[in-house]
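What follows is one structure encoded as structure tokens, with my remarks underneath.
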Amino acid sequence: MSSWLGGLGSGLGQSLGQVGGSLTSFTGQISTFTKDMLLEGVEEVGDAATELHVSNSRLAEVEASFTTQKSEYDRLRKLHAELEEKLEASEIQNKRQSAEYRTLLQQKDVDISHLKARQSGLQDEIQKLQQSAQSGSIFPAVLPVTTTSSGTTSSSSYLSRPSGSPQGFHGDEMDLSDVIWSQQEINRLSAEVTRLDAEVAHWRRMSQASTTAGSGNGDQGEILKFQRTIKELREEMSREVDEHQHELAALQDAQRHKMADITRRHREELAEYEERIEELEEQIQSGGQTSSSSDASKLPELQKTIQSLQEAAEQREKQLAELSASLEEAQGKQASLQLEKNEVQEENAGLLQNYTRLQASVTELQTRVQEQEGKTLQKAQFDHEIQVLKQNLTAAEEEIERLKNLTSDAEPREEVEHADILELNTIIGVLRQEKEILEQEKLNLQERLKGTEEQIGGNNVTDSGESELLDDLRVELERREKAVRATEEERDTLMSELEELDRQNQEATQHMISVKEQLSGQLKEAEAEVTRLTAELNTTKDQKRTLEQEVETQKVRTSQSAFTLNDLHMGKQQLEQKVKELKDKLGHAHEQSREARREITELKKSLQEKDERLSAARVELGQVGERGTGAQGTEEELAGKERELSDLRRELDEMRTSQDKLMSADYELKMENGKLKAESEQALGKAEELTKQMKESQVALNRTVREKDTRIEALKLEKNQLDGELRQAERTLNEQNKQYQQTIEELTRARSMDASALQMELERAIKVNQEKDMEIAQLRRDMEQLASDHRDTNEMLSITVSGQKQLTDLLQEKDIFMDTLKQNAADIQMEMENSISVATKDAEALRQALEEKDKQLGGMKEENSHLKEEIDRFRDQQSRPQSLAEPRTLDIITELETEITQLKSSRNGLEEQVQTLRRTMEEQQASLLLSQQSLQAQQSELEQAHARNQQTTLNYDRLIHARDEDIARLQQTVDRLSVSQGRADSPPMQGDVILEEDKTQTLNQENGNEKHDLSKVEIEKLVRGIKEKETEIIQLNEKNLSLTKQLDQLVMSRDEVGKLSQMILQKDLEIQALHARLSMGGVGGHSQDVLFLQQQLQAYAVEREQVLAVLNEKARENSQLRSDYHRLMDMMAGKEAALLKLQQENQHLSNMSDPSGSHEMFKETIQNLSRIIREKDIEIDALTQKCQTLVTVLQTSGGESGAGSGGVSSNQFEELLQERDTLKQQVKKMEEWKQQVITTVKNMQHESAQLHEELIGLQGQVTADSDCSSKLSVDYARMIQSYELKERRLGSLSQELAQVQQTITQLSSTKDVLLGKLGSVAQTPEVVVAQSSGASLTADAPVHQTASPVNGDKLQEELVRLRGQLAEKENTIRTLQENNHRLSNSASATETEQRSQAVEVRQIRERLDAQQRSVREKDLLIKTKGDQLIQVSEALRNRENDNEVLKQAVTNLKERALILELDVKKLKEENELVAARSREKESEFRALQETNMQFSLLLREKEFELTALSEKAATVERMLKDKEQGKSGELNQLLNELKSMQEKAVAFQQERDRVMMALKQKQMETSAVQSELQHVRDKEQRLNLELERLRNHLLEIEDSYTREALAAEDRETELRKRVALLTTSSSVVENASQQASMQVESLQEQLSGAVKQRDDALAQLRTSQDQVNQYAVSLSNLQMVLEQFQQEEKAMYSAELEKLKREREEWRKKALKLEDQASALQMNLDEANSALDSASRLTDQLDLQEEQIEELKNQVDVRQEMLEEAQRKVMNLLNSTEGKIDKVLMRNLFLGYFHTPKTKRADVLRLMGSVLGLSREDVEKMLEDDGRHGVTGWMSSWLGSRGAQSVPNTPNRPNGAQALNSSFSEMFVKFLEMESTPSLPAPRLPVHDIKTLSAPPPRRTGAAASSNIAGAATASKRSGESNPFLAPRSAAVPLLAGSSSGGSGGHLLMKPISEALPSFTPVPVSAEASAGAVLKDLLKQ
């Protein structure tokens, strides 16, 4: 409501208002104009404060946009949930309608089957009649007629056969083409029925003619010849008809596919167009609004998800509509079919007519296809035109938006306005032209539609699809017409808005001119204020310096916090990566478990079948001797398989522990399997119960439906739980984000704490973070687990559907002649999944069919009884005239009775056959159950195999780890021995790599084998398993080879090599035997068993492939959804992090700018003030309008009234004028008050903006410092590492030097000397530096003393502070210089020390040379021998380790071989069982096939007999009627002939059926044999190739083993010789070393001890080697070590010197900077001295200003008196004009009522009641009555339900009790009185704020900049001593924004104002009160 009131009073300083059509657009225009006025003068200020201000405003906008986005997100989430519910409801409805549709289609199928049965009966009857006619005597004249008719019958009968078995309607995929096809089939069958009726009548006539013609006197030869010709003609005609039928079927399929594609494309295009139109409408609606661009990336994604859901719902609704339409059409077609059936029975058609009709239908189909293509082209053209129009429309909308932006951004110039208006006019003209083009196109479309309707009117029933297309086109045309109307309405609204814009621009220009004139005067006063602000600038500079010092202290803390934050972020990222990896692993484990289950089931099946086959093969092997070798090979292969299986089982037992987590998913999968089995059993039961009692089927269906309902409910519950958990996860994520924020804030607070507390806090935060991350990971895992379970359940439901369809296909393959039964079974399966209602309908339909059969039987019985009665009547009639006819009638009666008994017996036989069929179906069901149980057992075995496979991989990993540890140990020993022994590291590394490669190869091979083709025979799976094991053996052998090649010096015993070679030979023999057995077994005699098993396995493999495809697709969808979800979560996290950062910065700014925390209070006060100002503006407008109307009323009344009343009217007129003047003054005061509020708000904003700029600068410095510190820390870490390396090297050197005692003592003495020198040198520079620093201090002190005159307390404090700072800086410089000197001295000392050390070392070397020459020679010998010994021992150790590894591998292989043998034995037994079962199943299957065929034959025979009997009864009846007068002899003859013909026909039919069955069996057997032959050939080729490769490989392995064994023996002998030589040489070395000098005595003793130990035992060889190595290395490498040590020390010292030099340069630069700052401070001090000199002059100015203040106080008092008088006048005026009402005001109120939304209209009525003077109780009572029964209906009935624009509500006013008695104007006057009363006099200005009189006035830009800085300074510094409300009239601070693109976010009061705006006299308040207190007081009052 506040915006409505704002709309009433939108003309702030204008002449009151022309309120036009759209109040909201008017207010929007004025807001943009005021924004432009406030933003004027942006070019004139170019400092950084404006940019900071813009950034601050953007921060506020971002916060606002964040809140709006959050609310939008909540709304969208709710909408998402609602759409999901709608989607579920639509799916349920869709299923229900599809079920009804299927029942109708099933009824159609039943009708078709009835018609087909009738057709077959008629055909049989015709055949009988033909036989009877041919057997009788036929005249030659009649023969050609018989031939032609028989030809027609044969051709038509063959034509009546469908081209294939009728397809069942599969699920929801039924198209309109299926319905059309069924309709055509019905039409064709009905036509066939009529034709057959006509042919029956023809043959009856023929038979009658033949009987009348007399006894048969024609030749039998001619009859036979004619029959042959008839047969030939029939065959020719049947061939032709079949060809034509094939062509017609192909054309129909092509037409159906094309129609389906066209309709699908059309629907997709329609959906795209609708989406596009909706997007355009949304763009049009949201055209005026401009959303913030910061969060634009979040909304589109949410909108996309919502749109996708809406599209899915719309598609569901479309599908529902199409299904309902198809249902209605099917019903109509059923009715029309009934009518057509009645009409068709009257038609007669021959062969030529059928042929011509076929050709005509073909041509019609071709023409229709062409017409459809033309229609698609026309539709594409129409769509293109509509897209062009839409593009034009969007371009026009963009142009309008651009014009609006231009009007809002650019300066209001009349020329630009005219240009914009012209552009808009041109756009409107273009829109009109486009509208005319659209109308023309609409007319063209209507004409084309009429033409297409006329064309379609001539088509048949098959054109229903095209009529639907036409309807869709009409709907599209209507929709586009609506779009055209919408564009026209938009154009009209644009025109009206254009006119309004013109009017508003004119008013705005006038207002701008007036405002500029006012502001020109204000500008001069603002320039005078600049002088005062320059003084404040100095104070801000001082504050800036203090802030810089604080920033320097803060830098260290921020760097510490930054490091901690970086650590936290890194930890968080690592945890997230771990969570993702765990998720991937979990998904992979799920997939592996599923694949393992499937493979186990397949293995079980294959194993059972192999057992059965093996048992059969063993029986045959006992009989046939040639196949014995193959059988032995297969037995060996099976033994290997058994070993493999036992190994796999062991591994599976070990793996079960790791699969505990996946047990829940496995349990659910097993449950789903059980449900699947139950459903398949129910499906088979349904197939049986078609012929059983329907009660049992209903019970079973009820049970299945209950199970379905419970499952659906469980799924819904799971879905609800998932939704709840998702919401909970979102909440936890939000909470964790908040906790992260809190931890970050705590870290920032903890910067000031000491190091230990900070460390504790950091550890605690890290722990909390880890716990939260773990919780998040757990929740995500739970969520994903639930989602995967949900998906699994859905997938299993879909899999049940596909599985049941496959079961129906299998039944179709088995039972070729039971099409109707298969269709019903498939329909029942679909009905099971849908609902029980469909099943009950199906049962009723089947019951009706059975009842019809019963009715037919009953009708036959009734006809028989009727015939008996007529025969009795004939007897009575014939007994009187003729006694001769009695025996014939008696014969007829007896024949009829015998026929009735035959029919009964046939019915009983049929019932028995039905029972046998049921039994066979039950047996099939039991066999299916057994196969499913075996499948489950195989699944469990496959799981065990998978577990064993994983255990083998784990064993390999353990072996690799042990190998790695051995390598690491060897590496350590090698490092100890010598540096040159690094070569020995490479072979184990290579071995490791090869092991890893082998492991990856095995894993890849296993994965590849898992994805192998599943449609091959199960034998190939066993072969593949053998190949995998062979490849594993090969890889192990390759590993052994690589190890032997890498370790050339390995000594390996020949026994082990022999054992390995024997094992490999055994394996090779086993593999060869297996291959031979497989090859022989493939060609074995059990090929027929294999064929049938292969067929079953192929069916199961097809099922498994489909299941795998579904699972893969679901997994892909799941991964895609998961990635989308993660991406959305990452985006949300990024957005939230950015917003959190902004909020922290804002909080920091608010804390810095306003320590008292009044920023939030300022926001509240600004909002409340803006609301109050809007209300006051509205009341002022209302009062001014009242005044004008009163003046006009008084003038009119004064003119009309006489002279007597003239005085009174003039007095009233004067009072009204005075009241108007007072109101104007009040309005001005209110405007001044509003401006003052705005200035205070802007001052606060400027302060925050400046502080933000400083904070940004400080942040930049902090980041730079943190970078420097990070670099320093990196350098420090590097130094520490180098130092540690040096320490380690020194330690090793000290150990070596300790062994040589004399050299160590000499070096230590020289080192002590050098260290003493270093101490003496380092002490002298410190003294010098201290003296120099003291001198500099004493020199600097007098300078500062002279430079500090006593010029005021504040300046003295500033000088003291600056001196302290300078002293600190100088101290730091001195300490740095001292450090530099000390370091340089230490460096020089170290250099001298090194030189002296080198000299002494040289002397020592010269002395030692003579003594050590002999020792060196001996040591060199010792060293060489020791190196050789080390190498030999190392090689021995390596070979021993490798031998151990190979032994372990050999033992493992032996164990696996034993296990595989056991497994093969078990497999053999299982294979025997499987073979027995397969044979039983095969026999059952054959028996079932035979029974099915016999049953179909019997059914046909019985139907044939039934139709023949019905025809016979009809003919008997007719003939009795015709020949009542003595033709009974002919009747008997005719009946005999009919019987003979019937028997012949039955015999022919039986023969034909037998031949067909035999032929089909032969075809199936030949195809199976061919496929088996091909498989066996491929298998043989592969096995031969594999055998050759294995032989070559094993030969190579044997050769390599023998070569390596011989080389190892040779190496062993060589090494033993070397050891002996070494022992002899060591004794010689001992004798020589005893003669050496005293310096090497310790060495000789240790060496002799080592020689003794080496001679005693080789067990202590390692310790002696270490000691010898140490001595040799210490003596030989001592010189190198010393040189290296000196070089390293030199490098270290030089690096430290360079570093110190760099640091010295940096400190020098810093000192120069500080000197520059000191000089600048000196200059500032000089300026301050000059300012103090001029302070005496400024005191005079202060006095003058105090006098001005006194004058202003007097003026305020005068104004107060005037205001009181004005208030009194206003009261009088209100009392006088209380009962009068203004028309303009009432019109505005009336219009505003309709512009407000319905929810807010009560507030408008309350306002109207207050204006009209009604009491509040009366208004509330009326509103209550309105709420009960709509009083405001009068308004709605006047103007209708126009869409009101939503505006916010005005707040409720306080003081409700007073508001009842006083009007709003009185309250407003009281408010002004309270506001205008001063509480305390204004304070005096401080001294240092005033500039000298002689200072020249600055430029305008300078003034603006200084004003900005001063505003910030005064607000921040003197918040306690001054008040922004107390600034004088000339002190209004001009503020302005950085750019015009600040966005539309924020309130008008928050917008910056320009310099030129007027400033008015402020409201005086107390000096002690702060700005926040003043605003609080204002709000309280």
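By convention here, the chains of the structure tokens are called A, B, ... in the order presented, each chain's residues are numbered starting at 1, and ligands are numbered starting at 1 in the order presented.
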List the neighbours of Gln1295 of chain A out to 12 Å using only C-alpha atoms; skip same-chain residues closer than 5 positions along the sequence, and give me the result as an MDAnalysis selection string. chainID A and resid 1288:1290 1300:1301 1304 1667 1670:1671 1673:1674 1678
Which value, in Å to one decimal, gives the distance between atom CA of Ile1459 of chain A and atom CA of Lys1039 of chain A?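 The value is 22.6 Å.
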Quick one: everything within 12 Å of Glu897 of chain A, counting only C-alpha atoms, minus sequence neighbours fewer than 2 positions away in the same chain. Send it as a ChimeraX atom specification. /A:861,864-865,867-868,890-895,899-904,1509,1513
Can you pull out the residues contacting Lys258 of chain A? Cut-off 12 Å, using only C-alpha atoms, and skip same-chain residues under 3 positions away; I want them as a list in words. Ser177, Leu251, Gln252, Asp253, Ala254, Gln255, Asp261, Ile262, Thr263, Arg264, Arg265, Leu365, Gln366, Arg368, Val369, Gln370, Glu371, Gln372, Glu373, Thr376, Gly465 and Glu466 of chain A
File dump, residues just selected, N, CA and C atoms, as a PDB file, in the first residue's frame:
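File result.pdb, as written:
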```pdb
ATOM      1  N   SER A 177      -0.986 -46.486 -35.590  1.00  0.00           N
ATOM      2  CA  SER A 177      -0.867 -47.392 -36.737  1.00  0.00           C
ATOM      3  C   SER A 177      -1.331 -48.803 -36.369  1.00  0.00           C
ATOM      4  N   LEU A 251       4.473 -51.761 -47.843  1.00  0.00           N
ATOM      5  CA  LEU A 251       3.994 -50.372 -47.976  1.00  0.00           C
ATOM      6  C   LEU A 251       3.344 -49.889 -46.685  1.00  0.00           C
ATOM      7  N   GLN A 252       2.539 -50.753 -46.063  1.00  0.00           N
ATOM      8  CA  GLN A 252       1.898 -50.356 -44.807  1.00  0.00           C
ATOM      9  C   GLN A 252       2.929 -50.079 -43.718  1.00  0.00           C
ATOM     10  N   ASP A 253       3.957 -50.920 -43.640  1.00  0.00           N
ATOM     11  CA  ASP A 253       5.006 -50.673 -42.633  1.00  0.00           C
ATOM     12  C   ASP A 253       5.705 -49.351 -42.881  1.00  0.00           C
ATOM     13  N   ALA A 254       6.037 -49.110 -44.175  1.00  0.00           N
ATOM     14  CA  ALA A 254       6.707 -47.834 -44.494  1.00  0.00           C
ATOM     15  C   ALA A 254       5.824 -46.658 -44.125  1.00  0.00           C
ATOM     16  N   GLN A 255       4.530 -46.760 -44.497  1.00  0.00           N
ATOM     17  CA  GLN A 255       3.600 -45.668 -44.180  1.00  0.00           C
ATOM     18  C   GLN A 255       3.495 -45.469 -42.669  1.00  0.00           C
ATOM     19  N   ASP A 261       7.057 -41.160 -37.379  1.00  0.00           N
ATOM     20  CA  ASP A 261       8.142 -40.159 -37.335  1.00  0.00           C
ATOM     21  C   ASP A 261       7.598 -38.750 -37.458  1.00  0.00           C
ATOM     22  N   ILE A 262       6.645 -38.572 -38.397  1.00  0.00           N
ATOM     23  CA  ILE A 262       6.087 -37.215 -38.605  1.00  0.00           C
ATOM     24  C   ILE A 262       5.388 -36.731 -37.340  1.00  0.00           C
ATOM     25  N   THR A 263       4.568 -37.607 -36.741  1.00  0.00           N
ATOM     26  CA  THR A 263       3.847 -37.178 -35.529  1.00  0.00           C
ATOM     27  C   THR A 263       4.817 -36.877 -34.391  1.00  0.00           C
ATOM     28  N   ARG A 264       5.862 -37.724 -34.269  1.00  0.00           N
ATOM     29  CA  ARG A 264       6.829 -37.467 -33.185  1.00  0.00           C
ATOM     30  C   ARG A 264       7.542 -36.136 -33.381  1.00  0.00           C
ATOM     31  N   ARG A 265       7.982 -35.897 -34.660  1.00  0.00           N
ATOM     32  CA  ARG A 265       8.660 -34.620 -34.915  1.00  0.00           C
ATOM     33  C   ARG A 265       7.741 -33.446 -34.664  1.00  0.00           C
ATOM     34  N   LEU A 365      -2.044 -45.584 -50.896  1.00  0.00           N
ATOM     35  CA  LEU A 365      -0.974 -45.420 -49.901  1.00  0.00           C
ATOM     36  C   LEU A 365       0.155 -44.556 -50.441  1.00  0.00           C
ATOM     37  N   GLN A 366       0.506 -44.763 -51.703  1.00  0.00           N
ATOM     38  CA  GLN A 366       1.577 -43.929 -52.281  1.00  0.00           C
ATOM     39  C   GLN A 366       1.174 -42.461 -52.306  1.00  0.00           C
ATOM     40  N   ARG A 368      -0.986 -41.042 -50.411  1.00  0.00           N
ATOM     41  CA  ARG A 368      -1.023 -40.509 -49.039  1.00  0.00           C
ATOM     42  C   ARG A 368       0.368 -40.167 -48.533  1.00  0.00           C
ATOM     43  N   VAL A 369       1.328 -41.028 -48.844  1.00  0.00           N
ATOM     44  CA  VAL A 369       2.710 -40.736 -48.441  1.00  0.00           C
ATOM     45  C   VAL A 369       3.166 -39.418 -49.040  1.00  0.00           C
ATOM     46  N   GLN A 370       2.824 -39.223 -50.357  1.00  0.00           N
ATOM     47  CA  GLN A 370       3.203 -37.946 -50.983  1.00  0.00           C
ATOM     48  C   GLN A 370       2.501 -36.775 -50.316  1.00  0.00           C
ATOM     49  N   GLU A 371       1.202 -36.957 -50.007  1.00  0.00           N
ATOM     50  CA  GLU A 371       0.476 -35.871 -49.340  1.00  0.00           C
ATOM     51  C   GLU A 371       1.092 -35.558 -47.980  1.00  0.00           C
ATOM     52  N   GLN A 372       1.470 -36.608 -47.244  1.00  0.00           N
ATOM     53  CA  GLN A 372       2.092 -36.381 -45.931  1.00  0.00           C
ATOM     54  C   GLN A 372       3.398 -35.612 -46.065  1.00  0.00           C
ATOM     55  N   GLU A 373       4.180 -35.979 -47.098  1.00  0.00           N
ATOM     56  CA  GLU A 373       5.434 -35.227 -47.295  1.00  0.00           C
ATOM     57  C   GLU A 373       5.161 -33.769 -47.618  1.00  0.00           C
ATOM     58  N   THR A 376       4.222 -32.061 -44.407  1.00  0.00           N
ATOM     59  CA  THR A 376       5.396 -31.768 -43.555  1.00  0.00           C
ATOM     60  C   THR A 376       6.173 -30.572 -44.071  1.00  0.00           C
ATOM     61  N   GLY A 465      -5.079 -40.876 -38.605  1.00  0.00           N
ATOM     62  CA  GLY A 465      -3.822 -40.232 -38.192  1.00  0.00           C
ATOM     63  C   GLY A 465      -3.667 -38.851 -38.789  1.00  0.00           C
ATOM     64  N   GLU A 466      -4.080 -38.716 -40.105  1.00  0.00           N
ATOM     65  CA  GLU A 466      -3.992 -37.397 -40.740  1.00  0.00           C
ATOM     66  C   GLU A 466      -4.981 -36.417 -40.138  1.00  0.00           C
TER      67      GLU A 466
END
```
